[in-house]
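First the structure, in the form of structure tokens, and then the observations on it.
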Amino acid sequence: LGGGFGGLACARKLKGVDVEVVLIDRTNHHLFQPLLYQVATAGLSGSDIAQPIRTILRGQSNLNIHMASALGIDLAARVVKFDWRDYSLEYDYLVIALGAVTNWFGHNEWSQHAMGLKNLEDAYAIRERLLGAFERAEILRDDPVELARQLTVVVIGGGATGVEMAGAVAELASHVLKPEYRSANLATTRVILIDAGERLLSTFDPDLSARAKVDLERMGVTVQLSTMVQEVGSGFVVAGNTRYEAGTIIWAAGVTAPAIVYDLQAENVVPKIKIERGRIPVGKDCAIAGHPNVFAIGDIAAMTDGAGVNTPGLAQGAMQMGEHAAKVIRADLISAEIRAAVKPFVYHDKGTMATIGKSSAVAHIGKLKAGGFVAWVLWLVVHLIFLVDLRSKLNVCLKWVWAYAFYRPSGRLLSARKSP
Ligand SMILES: Cc1cc2nc3c(=O)[nH]c(=O)nc-3n(C[C@H](O)[C@H](O)[C@H](O)COP(=O)(O)OP(=O)(O)OC[C@H]3O[C@@H](n4cnc5c(N)ncnc54)[C@H](O)[C@@H]3O)c2cc1C
């Protein structure tokens, strides 16, 4: 279930095995989420970072791809139910790789006013709001209060997504688009990045967190740390007892498991499953305790690996777990003894990085800790390598070179506004 990083890696690893693999996703494409913020800020188009799953896996003869949204999992009956008519599917092995959803921390009503960033629809919604605000600013002449509101962007959450969004928005307004507007001065756009913690990028080395803050502030972003959001409403955010009027509010504060995964905690599921901090605990074989034929991988899995390391919610963790689950299934198909002999999962940390703006990023790879231009080049190279196909690599590379040379983003089309 799920054609993201985990599901795709698992399906690929089952190539050539004498099983019928059915990969099910509610969309027809695999999405490279690390570059979503560039779609949201008009740097790239959706098709640059998403490819049809059928195209990616077209050479795999034991694989069927079904586009459907999973609604419920009946572990006792070994059946998954879907949203289309009475389509359901029985399984021998189930790999749950449904990824995470935006966590509103008990305030689902805030989702009416703030926008998360988890899929292409989210990215398009942010892009429309942002570019639309700039267009409105250009024709707003007599209302300085509304003008300031349109040109204020609040980003909530100082992890990699929040940092990348804040940096990209500041750059887009102050440098990239500014020369094209006559009446509005986009350089006055305020970007406010709010986080409840004491530092940005809390999973990174503290030196890199400090570096990211300095770089963002240099770009004009206001960074508010140790600040709790108290309310999000239509066009405003209250945080740290201050009210910010904002035309665009972006929520990058955290993720949790989708509802279908929480439903696995139902009373009638035996042995019981307990979701912890938005994730399903799994064993070192990626299977759910007491359910040896059901695997959970990627962002929805809480895995403490064979070396005692908690696998982070990153693409590399999802891919490694996907491959491991496939390895366990292959072994189990032979015998329980062979399965028991499979070495416990060990997460290989290939490094973490976040980009801040043009020529600015932070990267931690092995013993190397880098900031600025060097980290930025590393970030570009790594993201190009991991894009799923050659067409995307070439496309994205060309657009980046173009944007670097001419400051011209390519994904800026807005359609006519609907009448209220
Ligand atoms: C904005 C952003 C930036 C990120 N940047 C980085 C980064 O720089 N580096 C990094 O390593 N990681 C990054 N990540 C995290 C990384 O993308 C995730 O860790 C990774 O995608 C997890 O893989 P997954 O397979 O668990 O889930 P996903 O890749 O999210 O895949 C889940 C799949 O399940 C499908 N699905 C969901 N619900 C259903 C349903 N009910 N029925 C059918 N299908 C369903 C979805 O359509 C999706 O295709 C970023 C994430 C985001 C959102």
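Letters A, B, ... mark the chains of the structure tokens in the order given; residue numbers begin at 1 per chain; ligand numbers begin at 1, in order shown.
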
(message) Any residue with an atom at most 6 Å from ligand 1 counts, using only C-alpha atoms and all ligand atoms. Which are they? Put them as number ranges by chain.
(response) A: 1-7, 24-27, 30, 33-34, 36-37, 68-71, 97-100, 117-118, 161, 298-299, 313-316, 318

(request) Tell me which protein, DNA and RNA residues are within 10 Å of Val39 in chain A, counting only C-alpha atoms, leaving out same-chain ones fewer than 6 positions away, and put them as a list in words. (result)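 My reading of the contact set: Gln33, Ser45, Gly46, Ser47, Asp48, Ile49, Leu120, Asp122, Ala123, Tyr124, Ile126, Arg127, Pro409, Ser410, Gly411 and Arg412 of chain A.
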
(request) Return the single residue from A:Leu216, A:Val362, A:Thr188, A:Ile260 that is closest to Lys81 in chain A, with distances computed using only C-alpha atoms. (result)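 Closest residue, counting only C-alpha atoms: A:Ile260.
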
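Restricting the calculation to only C-alpha atoms, the smallest distance between Phe204 in chain A and any of A:Ala148, A:Met353, A:Val377, A:Ile192 is found for A:Met353.
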
(message) I'd like to know which of A:Gly235, A:Gly278, A:Gly351, A:Gly43 is closest to Trp104 in chain A, using only C-alpha atoms.
(response)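 Closest to Trp104 in chain A of all the choices is A:Gly278.
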
For Arg243 in chain A, list every protein, DNA or RNA residue within 10 Å, evaluated using only C-alpha atoms, and leave out those in the same chain fewer than 6 positions away; present the list as a PDB file with C-alpha atoms, in the first residue's frame.
ATOM      1  CA  VAL A 229       1.173  29.070  18.055  1.00  0.00           C
ATOM      2  CA  GLN A 230      -2.029  29.783  19.985  1.00  0.00           C
ATOM      3  CA  GLU A 231      -4.504  30.378  17.193  1.00  0.00           C
ATOM      4  CA  VAL A 232      -4.750  30.234  13.428  1.00  0.00           C
ATOM      5  CA  PHE A 236      -4.085  35.747  10.947  1.00  0.00           C
ATOM      6  CA  VAL A 237      -1.908  33.772  13.339  1.00  0.00           C
TER       7      VAL A 237
END

(request) Could you pull out the residues in range 53-276 of chain A that DSSP calls alpha helix (DSSP H) from the backbone, as JSON, numbers by chain? (result) {"A": [53, 54, 55, 56, 120, 121, 122, 123, 124, 125, 126, 127, 128, 129, 130, 131, 132, 133, 134, 135, 136, 137, 138, 139, 144, 145, 146, 147, 148, 149, 150, 160, 161, 162, 163, 164, 165, 166, 167, 168, 169, 170, 171, 206, 207, 208, 209, 210, 211, 212, 213, 214, 215, 216, 217, 218, 259, 260, 261, 262]}

(request) Mind the document's chain letters and residue numbers, and return as a list in words the residues of range 175-233 of chain A that DSSP labels strand (DSSP E). (result) Arg190, Val191, Ile192, Leu193, Ile194, Val221, Thr222, Val223, Gln224, Val229, Gln230, Glu231, Val232 and Gly233 of chain A

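Closest approach to Phe32 in chain A from the set A:Gln150, A:Lys213, A:Leu387, A:Gly372 is made by A:Leu387, with distances taken over only C-alpha atoms.
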
(message) Just checking: using only C-alpha atoms, which residue out of A:Tyr181, A:Pro271, A:Trp376, A:Asp74 ends up closest to Ile288 in chain A?
(response) A:Pro271

(message) Using only C-alpha atoms for the distances, tell me which of A:Thr227, A:Asn103, A:Thr41, A:Asn64 is nearest to Val169 in chain A.
(response)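 Closest residue, counting only C-alpha atoms: A:Thr41.
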
(message) What's around Val80 in chain A at 10 Å? Count only C-alpha atoms, leave out sequence neighbours fewer than 3 positions away in its own chain, and write the answer as a PyMOL selection string.
(response) chain A and resi 1+70-75+77+87-91+94

Could you turn the residues from that selection into a file that holds N, CA and C atoms, as a compact mmCIF listing (two decimals), in the first residue's frame?
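Saved the output as again.txt:
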# COMPACT_ATOMS: atom_id res chain seq x y z
N LEU A 1 0.85 -1.19 0.00
CA LEU A 1 0.00 0.00 0.00
C LEU A 1 0.88 1.23 0.00
N ALA A 70 -7.01 3.28 -0.22
CA ALA A 70 -7.33 2.27 0.80
C ALA A 70 -8.16 2.93 1.90
N LEU A 71 -9.25 2.26 2.27
CA LEU A 71 -10.14 2.82 3.30
C LEU A 71 -10.03 2.08 4.61
N GLY A 72 -9.74 0.78 4.55
CA GLY A 72 -9.69 0.00 5.79
C GLY A 72 -8.91 -1.28 5.60
N ILE A 73 -8.29 -1.73 6.69
CA ILE A 73 -7.52 -2.97 6.65
C ILE A 73 -8.12 -3.92 7.68
N ASP A 74 -8.53 -5.11 7.22
CA ASP A 74 -9.06 -6.11 8.13
C ASP A 74 -7.96 -7.17 8.31
N LEU A 75 -7.22 -7.05 9.42
CA LEU A 75 -6.06 -7.93 9.60
C LEU A 75 -6.49 -9.38 9.81
N ALA A 77 -9.18 -10.94 8.57
CA ALA A 77 -9.62 -11.54 7.31
C ALA A 77 -8.56 -11.42 6.21
N TYR A 87 -14.56 -2.74 -4.26
CA TYR A 87 -13.24 -3.31 -4.54
C TYR A 87 -12.49 -3.58 -3.25
N SER A 88 -12.07 -4.82 -3.09
CA SER A 88 -11.23 -5.17 -1.94
C SER A 88 -10.22 -6.21 -2.42
N LEU A 89 -9.20 -6.42 -1.63
CA LEU A 89 -8.13 -7.30 -2.07
C LEU A 89 -7.65 -8.17 -0.91
N GLU A 90 -7.58 -9.47 -1.17
CA GLU A 90 -7.01 -10.35 -0.14
C GLU A 90 -5.50 -10.41 -0.33
N TYR A 91 -4.80 -10.61 0.77
CA TYR A 91 -3.34 -10.66 0.65
C TYR A 91 -2.78 -11.81 1.48
N LEU A 94 1.17 -8.14 3.59
CA LEU A 94 0.75 -6.74 3.40
C LEU A 94 1.89 -5.83 3.83

(message) With only C-alpha atoms as the counted atoms, please give the residues lying no more than 12 Å from Glu20 in chain A, apart from itself and same-chain residues fewer than 4 positions off, as a ChimeraX atom specification.
(response) /A:11,14-16,60-65,90-93

(message) Please compute the CA of Asp263 in chain A-CA of Arg279 in chain A distance, one decimal, in Å.
(response) 12.2 Å

(request) Quick one: pull the distance between CA of Ala166 in chain A and CA of Leu130 in chain A, Å, one decimal. (result) 12.1 Å
